[in-house]
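Okay, coords07.cif is below, mmCIF, C-alpha atoms:
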data_run
loop_
_atom_site.label_atom_id
_atom_site.label_comp_id
_atom_site.auth_asym_id
_atom_site.auth_seq_id
_atom_site.Cartn_x
_atom_site.Cartn_y
_atom_site.Cartn_z
CA MET X 1 63.62 110.95 106.24
CA ARG X 2 62.11 110.56 102.77
CA ILE X 3 59.66 112.51 100.64
CA VAL X 4 56.44 110.66 99.72
CA ASP X 5 53.87 112.60 97.65
CA ASN X 6 55.50 115.85 98.83
CA ILE X 7 55.12 114.79 102.49
CA LYS X 8 58.24 114.56 104.66
CA VAL X 9 58.08 111.09 106.25
CA TRP X 10 60.24 109.65 109.01
CA GLY X 11 60.25 105.88 109.52
CA GLU X 12 58.39 103.39 107.34
CA PRO X 13 55.54 105.14 105.46
CA LEU X 14 52.04 103.82 106.18
CA GLU X 15 49.89 104.33 103.10
CA ASN X 16 46.67 105.27 104.90
CA ALA X 17 48.45 107.85 107.07
CA VAL X 18 50.36 109.30 104.11
CA SER X 19 47.06 109.57 102.23
CA GLN X 20 45.57 111.57 105.12
CA ALA X 21 48.66 113.79 105.22
CA VAL X 22 48.31 114.47 101.49
CA THR X 23 44.67 115.48 102.04
CA CYS X 24 45.76 117.86 104.83
CA SER X 25 48.29 119.44 102.46
CA GLN X 26 45.54 120.22 99.93
CA TYR X 27 43.24 122.26 102.20
CA GLY X 28 43.96 125.76 103.44
CA ASP X 29 47.18 127.73 103.13
CA VAL X 30 49.76 125.08 104.06
CA LEU X 31 53.51 125.70 104.36
CA GLY X 32 54.28 122.00 104.76
CA VAL X 33 53.33 118.63 106.25
CA ALA X 34 55.50 116.06 108.05
CA LEU X 35 54.90 112.59 109.47
CA MET X 36 56.87 111.38 112.46
CA ALA X 37 58.12 107.77 112.63
CA ASP X 38 55.28 106.68 114.96
CA HIS X 39 52.61 107.85 112.49
CA HIS X 40 49.35 106.02 111.92
CA LYS X 41 45.85 106.83 110.74
CA GLY X 42 43.87 109.29 112.85
CA TYR X 43 40.72 111.38 112.62
CA SER X 44 41.13 113.86 109.74
CA GLN X 45 44.84 114.44 110.46
CA PRO X 46 47.10 111.40 110.98
CA ILE X 47 48.51 110.74 114.43
CA GLY X 48 52.17 111.63 114.28
CA GLY X 49 51.21 114.31 111.76
CA VAL X 50 52.52 117.89 111.77
CA VAL X 51 50.89 120.56 109.58
CA ALA X 52 52.16 124.15 109.35
CA TYR X 53 49.43 126.61 108.31
CA ARG X 54 49.63 130.26 107.35
CA ASN X 55 47.09 132.17 109.50
CA MET X 56 44.81 129.13 109.94
CA ILE X 57 43.92 126.74 112.75
CA SER X 58 42.47 123.23 112.43
CA PRO X 59 40.28 122.00 115.31
CA SER X 60 40.06 118.58 113.64
CA GLY X 61 43.86 118.52 113.45
CA VAL X 62 44.32 119.30 117.13
CA GLY X 63 41.64 116.67 117.69
CA TYR X 64 39.22 115.72 120.43
CA ASP X 65 41.81 115.22 123.16
CA ILE X 66 43.08 118.80 123.17
CA ALA X 67 46.45 119.13 124.92
CA CYS X 68 46.99 115.44 125.49
CA GLY X 69 50.56 115.19 126.71
CA ASN X 70 52.96 114.00 129.37
CA LYS X 71 54.58 115.12 132.56
CA ALA X 72 57.65 113.26 133.82
CA VAL X 73 59.46 113.85 137.10
CA ARG X 74 62.71 112.55 138.52
CA THR X 75 62.21 111.96 142.23
CA ASN X 76 64.68 112.02 145.11
CA LEU X 77 64.20 108.25 145.59
CA MET X 78 66.37 105.38 144.45
CA TRP X 79 64.89 102.13 143.12
CA ASP X 80 66.24 100.23 146.12
CA ASP X 81 64.16 102.56 148.36
CA ILE X 82 60.85 101.28 146.93
CA ARG X 83 61.66 97.99 145.19
CA ASN X 84 60.02 95.84 147.85
CA GLN X 85 56.92 98.05 148.12
CA ILE X 86 56.09 98.40 144.41
CA ALA X 87 52.95 96.22 144.56
CA VAL X 88 51.51 98.23 147.47
CA ILE X 89 52.45 101.50 145.78
CA MET X 90 50.64 100.51 142.59
CA ASP X 91 47.60 99.45 144.63
CA ASP X 92 47.60 102.90 146.25
CA ILE X 93 47.91 104.68 142.91
CA ASN X 94 45.07 102.60 141.46
CA ALA X 95 42.88 103.34 144.48
CA THR X 96 43.70 107.07 144.75
CA ILE X 97 43.58 108.23 141.12
CA SER X 98 40.46 107.91 138.97
CA PHE X 99 40.93 106.09 135.65
CA GLY X 100 38.26 105.61 132.98
CA VAL X 101 35.88 107.40 130.64
CA GLY X 102 33.78 110.16 132.16
CA ARG X 103 35.10 109.58 135.66
CA ASN X 104 34.94 112.38 138.21
CA ASN X 105 37.50 113.06 140.91
CA PRO X 106 35.90 112.00 144.24
CA ASN X 107 37.70 114.97 145.80
CA PRO X 108 37.06 117.93 143.43
CA VAL X 109 40.10 120.17 143.17
CA GLU X 110 39.99 123.91 143.71
CA HIS X 111 42.29 125.62 141.23
CA GLU X 112 42.95 129.24 140.31
CA LEU X 113 42.25 128.34 136.69
CA PHE X 114 38.52 128.23 137.46
CA ASP X 115 38.60 131.95 138.37
CA ASP X 116 40.12 132.91 135.02
CA ALA X 117 38.20 135.39 132.86
CA SER X 118 38.73 133.15 129.80
CA TRP X 119 35.73 131.02 130.78
CA LYS X 120 33.40 133.90 129.81
CA LEU X 121 34.12 133.00 126.20
CA PHE X 122 31.63 130.14 126.39
CA ASP X 123 28.68 132.28 127.49
CA SER X 124 29.23 134.41 124.37
CA ILE X 125 28.62 131.22 122.36
CA GLU X 126 25.66 129.74 124.21
CA HIS X 127 23.74 130.82 127.33
CA GLY X 128 24.80 128.81 130.39
CA LEU X 129 27.66 127.08 128.56
CA GLN X 130 30.35 128.49 130.86
CA HIS X 131 28.72 126.97 133.95
CA LYS X 132 28.16 123.64 132.21
CA LEU X 133 31.74 123.29 130.96
CA LYS X 134 33.34 124.64 134.12
CA THR X 135 31.35 122.16 136.26
CA LEU X 136 32.50 119.28 134.05
CA ALA X 137 36.10 120.50 134.14
CA ARG X 138 36.08 121.03 137.91
CA ASN X 139 34.67 117.56 138.53
CA GLN X 140 37.23 115.85 136.29
CA LEU X 141 40.41 117.76 137.14
CA GLY X 142 43.02 115.21 138.20
CA THR X 143 41.41 112.18 136.51
CA VAL X 144 43.30 110.25 133.87
CA GLY X 145 40.78 108.76 131.42
CA SER X 146 41.15 105.60 129.36
CA GLY X 147 42.86 104.23 126.25
CA ASN X 148 46.63 104.70 126.25
CA HIS X 149 46.55 107.15 129.16
CA PHE X 150 48.61 106.11 132.16
CA VAL X 151 50.39 106.78 135.42
CA ASP X 152 53.77 105.01 135.48
CA ILE X 153 56.72 104.51 137.78
CA PHE X 154 60.12 104.09 136.13
CA VAL X 155 63.68 103.33 137.12
CA GLU X 156 66.58 104.94 135.28
CA GLU X 157 68.98 102.03 135.30
CA ALA X 158 72.02 104.21 134.57
CA THR X 159 71.52 106.02 137.89
CA GLY X 160 69.08 103.89 139.92
CA LYS X 161 66.78 106.92 140.20
CA VAL X 162 62.98 106.58 140.42
CA TRP X 163 60.94 108.59 137.93
CA ILE X 164 57.18 109.00 137.60
CA ALA X 165 55.19 110.09 134.57
CA ASN X 166 51.65 110.46 133.33
CA HIS X 167 49.89 110.75 129.97
CA PHE X 168 46.48 112.36 129.43
CA GLY X 169 44.88 115.58 128.24
CA SER X 170 41.97 117.91 128.90
CA ARG X 171 39.44 115.15 129.56
CA GLY X 172 35.73 115.75 128.92
CA PHE X 173 36.18 119.52 128.86
CA GLY X 174 38.60 119.36 125.93
CA HIS X 175 36.33 116.91 124.11
CA LYS X 176 33.38 119.30 124.50
CA VAL X 177 35.46 122.23 123.23
CA ALA X 178 36.59 120.24 120.19
CA SER X 179 33.19 118.80 119.31
CA GLY X 180 31.51 122.17 119.97
CA PHE X 181 33.70 124.08 117.53
CA LEU X 182 33.44 121.31 114.93
CA ASN X 183 29.65 121.64 115.31
CA LEU X 184 29.83 125.41 114.84
CA ALA X 185 31.99 124.97 111.74
CA ALA X 186 29.31 122.69 110.26
CA GLY X 187 26.49 125.15 111.07
CA ARG X 188 25.19 123.24 114.08
CA ALA X 189 24.73 124.50 117.63
CA PHE X 190 27.82 124.19 119.87
CA SER X 191 26.06 121.60 122.08
CA GLY X 192 24.25 119.96 119.18
CA LYS X 193 24.46 116.29 118.32
CA ALA X 194 27.04 115.63 115.64
CA PRO X 195 26.51 112.97 112.97
CA GLY X 196 28.98 110.16 112.55
CA GLU X 197 32.17 111.52 111.02
CA SER X 198 34.58 109.91 108.61
CA MET X 199 38.18 109.34 109.63
CA ASP X 200 39.17 110.48 106.14
CA GLN X 201 37.22 113.70 105.98
CA PRO X 202 39.20 116.81 105.04
CA PRO X 203 40.47 119.04 107.85
CA THR X 204 38.14 121.60 109.38
CA LEU X 205 39.82 125.01 109.20
CA PHE X 206 39.24 128.46 110.68
CA ASP X 207 40.93 131.66 109.61
CA LEU X 208 42.95 132.61 112.68
CA LYS X 209 41.88 136.24 112.31
CA SER X 210 38.16 135.39 112.14
CA GLU X 211 35.84 135.50 115.16
CA MET X 212 35.52 131.70 115.07
CA GLY X 213 39.27 131.19 114.79
CA ASP X 214 39.91 133.59 117.65
CA MET X 215 37.33 131.88 119.87
CA TYR X 216 38.68 128.42 119.10
CA TRP X 217 42.24 129.55 119.84
CA ASP X 218 41.13 130.88 123.25
CA GLY X 219 39.16 127.69 124.02
CA MET X 220 42.06 125.48 122.97
CA THR X 221 44.50 127.53 125.05
CA LEU X 222 42.27 127.22 128.12
CA ALA X 223 42.02 123.46 127.57
CA GLY X 224 45.82 123.37 127.36
CA ARG X 225 46.18 125.11 130.70
CA TYR X 226 43.60 122.74 132.18
CA ALA X 227 45.57 119.71 130.94
CA TYR X 228 48.75 121.07 132.52
CA ALA X 229 46.88 121.57 135.81
CA GLY X 230 45.52 118.02 135.73
CA ARG X 231 48.90 116.42 135.05
CA ASP X 232 50.49 118.56 137.78
CA TYR X 233 47.84 117.41 140.26
CA VAL X 234 48.26 113.71 139.44
CA ILE X 235 52.05 113.93 139.75
CA GLU X 236 51.63 115.55 143.18
CA GLN X 237 49.31 112.71 144.20
CA VAL X 238 51.88 110.10 143.20
CA LEU X 239 54.71 111.98 144.92
CA GLY X 240 52.57 111.95 148.06
CA ILE X 241 52.00 108.20 147.80
CA LEU X 242 55.76 107.67 147.41
CA GLY X 243 56.67 110.16 150.13
CA ALA X 244 58.99 111.72 147.54
CA SER X 245 59.89 115.13 146.17
CA ALA X 246 60.57 116.20 142.59
CA GLU X 247 64.13 117.02 141.54
CA TYR X 248 63.54 117.70 137.85
CA SER X 249 60.54 117.72 135.51
CA VAL X 250 59.64 117.70 131.81
CA HIS X 251 56.12 118.68 130.72
CA ASN X 252 54.74 118.84 127.18
CA HIS X 253 51.59 118.68 125.05
CA HIS X 254 51.54 116.59 121.88
CA ASN X 255 47.99 117.36 120.61
CA PHE X 256 47.97 121.12 120.23
CA ALA X 257 48.68 124.11 117.99
CA TRP X 258 51.51 126.59 118.45
CA LYS X 259 52.39 129.91 116.80
CA GLU X 260 55.96 129.45 115.62
CA ARG X 261 58.42 130.68 113.01
CA HIS X 262 59.53 128.24 110.32
CA MET X 263 61.32 128.76 107.02
CA GLY X 264 61.20 132.51 107.52
CA GLU X 265 57.44 132.62 108.08
CA GLU X 266 55.11 133.00 111.06
CA VAL X 267 52.88 129.93 111.01
CA VAL X 268 50.52 127.88 113.17
CA VAL X 269 51.94 124.38 113.69
CA VAL X 270 49.26 121.78 114.42
CA ARG X 271 50.75 118.66 115.98
CA LYS X 272 48.56 115.60 116.50
CA GLY X 273 50.50 112.94 118.38
CA ALA X 274 53.78 114.76 117.78
CA THR X 275 56.11 116.30 120.36
CA PRO X 276 57.52 119.81 119.85
CA LEU X 277 61.31 119.56 119.96
CA ALA X 278 63.24 122.68 118.99
CA PRO X 279 67.01 122.63 119.60
CA GLY X 280 67.53 122.51 123.36
CA GLN X 281 63.84 121.75 124.04
CA LEU X 282 63.06 118.71 126.21
CA GLY X 283 60.26 116.20 125.75
CA PHE X 284 59.03 112.95 127.29
CA VAL X 285 58.30 110.13 124.84
CA GLY X 286 56.58 107.03 126.21
CA GLY X 287 56.95 103.48 124.94
CA SER X 288 54.56 100.62 125.66
CA MET X 289 54.12 99.05 129.09
CA GLY X 290 56.84 96.55 128.13
CA ASP X 291 59.35 98.95 126.66
CA ILE X 292 61.54 101.91 127.54
CA SER X 293 60.44 105.56 127.71
CA VAL X 294 62.84 108.45 127.22
CA ILE X 295 63.58 112.09 127.88
CA VAL X 296 64.75 113.59 124.58
CA GLU X 297 66.29 116.92 123.62
CA GLY X 298 66.15 118.61 120.23
CA ILE X 299 69.42 119.29 118.44
CA HIS X 300 70.48 121.80 115.76
CA SER X 301 70.26 120.00 112.43
CA GLU X 302 68.75 120.28 108.96
CA GLU X 303 66.41 117.37 109.73
CA ASN X 304 65.19 119.05 112.91
CA THR X 305 64.30 122.08 110.81
CA GLU X 306 62.63 119.89 108.15
CA SER X 307 60.45 118.25 110.82
CA PHE X 308 59.11 121.65 111.89
CA ARG X 309 61.07 121.01 115.10
CA SER X 310 58.95 117.98 116.02
CA THR X 311 59.40 114.35 116.97
CA VAL X 312 57.43 111.23 117.91
CA HIS X 313 55.05 111.12 120.88
CA GLY X 314 55.29 107.36 121.38
CA ALA X 315 56.23 104.12 119.68
CA GLY X 316 53.31 103.95 117.23
CA ARG X 317 50.78 101.17 116.84
CA ILE X 318 51.28 98.16 114.58
CA MET X 319 47.97 96.50 115.50
CA SER X 320 44.53 98.08 115.84
CA ARG X 321 42.64 97.90 119.11
CA THR X 322 39.98 95.63 117.60
CA GLN X 323 42.59 93.32 116.07
CA ALA X 324 44.40 93.03 119.40
CA ALA X 325 41.51 92.83 121.85
CA GLY X 326 38.54 91.82 119.69
CA LYS X 327 35.17 93.45 119.12
CA MET X 328 33.45 94.95 122.12
CA ASN X 329 30.09 93.48 123.11
CA TYR X 330 28.61 96.43 124.97
CA LYS X 331 25.77 94.41 126.50
CA LEU X 332 28.23 91.97 128.05
CA ARG X 333 30.92 94.66 128.58
CA THR X 334 33.57 92.35 127.23
CA ARG X 335 35.68 91.96 124.08
CA MET X 336 35.72 88.82 121.95
CA GLY X 337 37.91 87.48 119.15
CA GLY X 338 41.15 89.39 119.70
CA GLU X 339 44.57 88.12 118.63
CA ILE X 340 46.24 88.91 121.99
CA SER X 341 45.07 87.02 125.06
CA GLU X 342 45.10 88.34 128.60
CA GLU X 343 47.48 85.50 129.50
CA GLN X 344 49.96 86.51 126.78
CA MET X 345 49.92 90.11 127.95
CA ARG X 346 50.35 89.26 131.64
CA ALA X 347 53.21 86.86 130.88
CA ALA X 348 55.03 89.48 128.82
CA ILE X 349 54.61 92.10 131.53
CA ARG X 350 55.81 89.77 134.27
CA ALA X 351 58.86 88.89 132.17
CA TYR X 352 59.65 92.58 131.79
CA GLY X 353 59.31 93.14 135.54
CA VAL X 354 56.28 95.46 135.53
CA GLU X 355 53.63 95.67 138.26
CA LEU X 356 50.47 96.29 136.21
CA ARG X 357 47.10 97.68 137.29
CA GLY X 358 44.28 97.84 134.75
CA ALA X 359 44.86 97.93 130.95
CA GLY X 360 43.46 95.75 128.22
CA THR X 361 45.21 93.68 125.58
CA ASP X 362 44.73 96.58 123.15
CA GLU X 363 47.50 98.34 125.13
CA SER X 364 49.79 95.31 125.42
CA PRO X 365 53.42 95.51 124.23
CA PHE X 366 52.51 93.39 121.19
CA VAL X 367 50.51 96.20 119.56
CA TYR X 368 53.33 98.77 119.47
CA LYS X 369 56.58 99.24 117.59
CA LYS X 370 59.76 99.23 119.63
CA LEU X 371 60.40 102.78 120.79
CA GLN X 372 64.11 102.62 120.00
CA ASP X 373 63.29 101.82 116.37
CA VAL X 374 61.21 104.97 115.89
CA LEU X 375 63.76 107.04 117.79
CA ASN X 376 66.48 105.73 115.47
CA ALA X 377 64.54 107.21 112.53
CA HIS X 378 64.91 110.62 114.22
CA ALA X 379 68.55 110.17 115.21
CA HIS X 380 69.55 113.34 113.34
CA THR X 381 66.93 115.48 115.12
CA LEU X 382 67.37 114.61 118.79
CA LYS X 383 69.51 113.14 121.54
CA ILE X 384 68.35 110.87 124.36
CA ASN X 385 69.14 112.31 127.79
CA HIS X 386 67.49 109.67 130.02
CA THR X 387 66.32 106.11 129.34
CA LEU X 388 63.60 104.87 131.69
CA ARG X 389 62.32 101.33 132.30
CA PRO X 390 58.76 100.93 133.62
CA VAL X 391 58.37 99.08 136.91
CA GLY X 392 54.77 100.06 137.65
CA VAL X 393 51.96 100.83 135.18
CA ALA X 394 48.41 101.95 136.01
CA MET X 395 45.72 102.44 133.35
CA ALA X 396 41.96 102.18 132.95
CA GLY X 397 40.52 98.68 132.62
CA GLY X 398 40.41 96.99 129.24
CA ASN X 399 36.64 97.21 128.68
CA GLU X 400 36.28 100.99 128.76
CA PHE X 401 34.62 102.51 125.72
CA ASP X 402 36.28 105.65 124.42
CA PRO X 403 36.06 106.37 120.66
CA TYR X 404 38.80 109.01 120.77
CA LYS X 405 41.41 107.36 122.99
CA ASP X 406 44.39 108.28 120.83
#
Is it possible to give me this structure as structure tokens?
Amino acid sequence: MRIVDNIKVWGEPLENAVSQAVTCSQYGDVLGVALMADHHKGYSQPIGGVVAYRNMISPSGVGYDIACGNKAVRTNLMWDDIRNQIAVIMDDINATISFGVGRNNPNPVEHELFDDASWKLFDSIEHGLQHKLKTLARNQLGTVGSGNHFVDIFVEEATGKVWIANHFGSRGFGHKVASGFLNLAAGRAFSGKAPGESMDQPPTLFDLKSEMGDMYWDGMTLAGRYAYAGRDYVIEQVLGILGASAEYSVHNHHNFAWKERHMGEEVVVVRKGATPLAPGQLGFVGGSMGDISVIVEGIHSEENTESFRSTVHGAGRIMSRTQAAGKMNYKLRTRMGGEISEEQMRAAIRAYGVELRGAGTDESPFVYKKLQDVLNAHAHTLKINHTLRPVGVAMAGGNEFDPYKD
């Protein structure tokens, strides 16, 4: 860890992300800002960025994909039980679970969450908004989305055990909540059309004790519960495909805000692309499709305290989506001019022993740091409990358009 412009930085500092972190430190009542080793530039707050506010909440910091996170499960199966069926299993996962932007679940899920009184919040903002958002949420529960969101099968080589994991958030519902409150903060209607926004604009902030702050907190919390429900549902679908049961699970958000105590103060910690990891707390951290993923546990240390009890959420990008896959031609629905070819990606994945469904070259192993390298930067904040190698990866296709995929 090093200090750069009063920002605590793990790993190699990226100037554009540090600059965003500095901007975050200058708005509102901020206790401190930290950048995890997988940091890179994001919208308003850098991805891998952690900001601790006194009595404030930042909807731009939490971001558009509220409660994006992971659920990982160790199954009762051994790798030898499914090794010869992995291609068929991945075909079944790809056919059963909906991937892509704006996709609905062909079999809408009934869930007790939809009977919760919290939904009434939206009708106090705009007439008919509860019905509109609840319908969207109901239709999309259990769908995965696009970008770096996935459903994976892993083997833990130390034990031979099969694990499964997923990565996604609150889908269109969370995006509507985020964009709606950002609209309200700018004096527009919740469902109004927002102008193009700058990646470098200062954070949007609400006083937590204000009516707006209270409403956003309730909306964010509901989106968080919705994301948990969606990841639970998808894991159950995959367990059904495998004919397996869960022995052990780890479930966490990494785009969210939490009320916590740090440095003797009660604060709101906004983590964008950062995993909460207090001493003894468990988290899943995913690598690329050609790299390990891990289950980590926070440890008691000065560095863990300095990080606001946080760690990485992934390996971190070293190449932009456009650089890797090229510019998207939306008329032709194809990308052109990228540095990574489909053939390069497929060859790398075959060499690593992964059965891949979907994904574009912008998610290939070449665009990410090695996960072990970023974990090494946090060696004094965590321990690795389980190391997992992917054997099956399912994602949306490479030509999906999603401006907020991270």
| Expansion of the PyMOL selection byres ((chain X and resi 101-103) around 12) into residues, as JSON, numbers by chain | {"X": [97, 98, 99, 100, 104, 105, 106, 107, 108, 136, 137, 138, 139, 140, 141, 142, 143, 144, 145, 146, 147, 148, 149, 168, 170, 171, 172, 173, 175, 176, 395, 396, 397, 398, 399, 400, 401, 402, 403, 404, 405]}
Residue selection dump (C-alpha atoms) as a compact mmCIF listing (two decimals), keeping the file's coordinate frame:
# COMPACT_ATOMS: atom_id res chain seq x y z
CA ILE X 97 43.58 108.23 141.12
CA SER X 98 40.46 107.91 138.97
CA PHE X 99 40.93 106.09 135.65
CA GLY X 100 38.26 105.61 132.98
CA ASN X 104 34.94 112.38 138.21
CA ASN X 105 37.50 113.06 140.91
CA PRO X 106 35.90 112.00 144.24
CA ASN X 107 37.70 114.97 145.80
CA PRO X 108 37.06 117.93 143.43
CA LEU X 136 32.50 119.28 134.05
CA ALA X 137 36.10 120.50 134.14
CA ARG X 138 36.08 121.03 137.91
CA ASN X 139 34.67 117.56 138.53
CA GLN X 140 37.23 115.85 136.29
CA LEU X 141 40.41 117.76 137.14
CA GLY X 142 43.02 115.21 138.20
CA THR X 143 41.41 112.18 136.51
CA VAL X 144 43.30 110.25 133.87
CA GLY X 145 40.78 108.76 131.42
CA SER X 146 41.15 105.60 129.36
CA GLY X 147 42.86 104.23 126.25
CA ASN X 148 46.63 104.70 126.25
CA HIS X 149 46.55 107.15 129.16
CA PHE X 168 46.48 112.36 129.43
CA SER X 170 41.97 117.91 128.90
CA ARG X 171 39.44 115.15 129.56
CA GLY X 172 35.73 115.75 128.92
CA PHE X 173 36.18 119.52 128.86
CA HIS X 175 36.33 116.91 124.11
CA LYS X 176 33.38 119.30 124.50
CA MET X 395 45.72 102.44 133.35
CA ALA X 396 41.96 102.18 132.95
CA GLY X 397 40.52 98.68 132.62
CA GLY X 398 40.41 96.99 129.24
CA ASN X 399 36.64 97.21 128.68
CA GLU X 400 36.28 100.99 128.76
CA PHE X 401 34.62 102.51 125.72
CA ASP X 402 36.28 105.65 124.42
CA PRO X 403 36.06 106.37 120.66
CA TYR X 404 38.80 109.01 120.77
CA LYS X 405 41.41 107.36 122.99
| task | Please identify all polymer residues lying at most 8 Å from the point (62.2, 107.7, 141.1) (file coordinates), using all atoms listed in the file, and present the result as a VMD selection string. | result | chain X and resid 73 to 79 153 to 156 160 to 164
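Atom CA of Asp152 of chain X is positioned 8.9 Å from atom CA of His167 of chain X.
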| field | Exercise: segment 311-328 of chain X partners within 9 Å, all atoms listed in the file, chain neighbours under 5 positions left out, as a VMD selection string | value | chain X and resid 35 to 40 47 to 48 69 254 273 to 277 283 to 288 293 298 304 333 to 342 360 to 364 366 to 375 378 381 to 382 398 to 399 401
| Using all atoms listed in the file, which residue out of X:Val151, X:Val177, X:Val22, X:Ile82 lies closest to Ala223 of chain X? |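 Selected residue with least distance to Ala223 of chain X: X:Val177.
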| said: List the spatial neighbours of Val88 of chain X as a ChimeraX atom specification - criterion: any atom at most 12 Å away, all atoms listed in the file, same-chain residues fewer than 3 positions off excluded. | reply: /X:82-85,91-95,241-242,355-357,392
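Note that atom CA of Val51 of chain X and atom CA of Ser19 of chain X are 13.8 Å apart.
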| Selection result of the PyMOL selection byres ((chain X and resi 33) around 9) on this file, as number ranges by chain | X: 6-9, 21-22, 24-25, 30-32, 34-35, 49-52, 307-308
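For the set X:Cys68, X:Ala394, X:Asp81, X:Ala379, the residue with the smallest atom-to-atom gap to Gly11 of chain X is X:Ala379, counting all atoms listed in the file.
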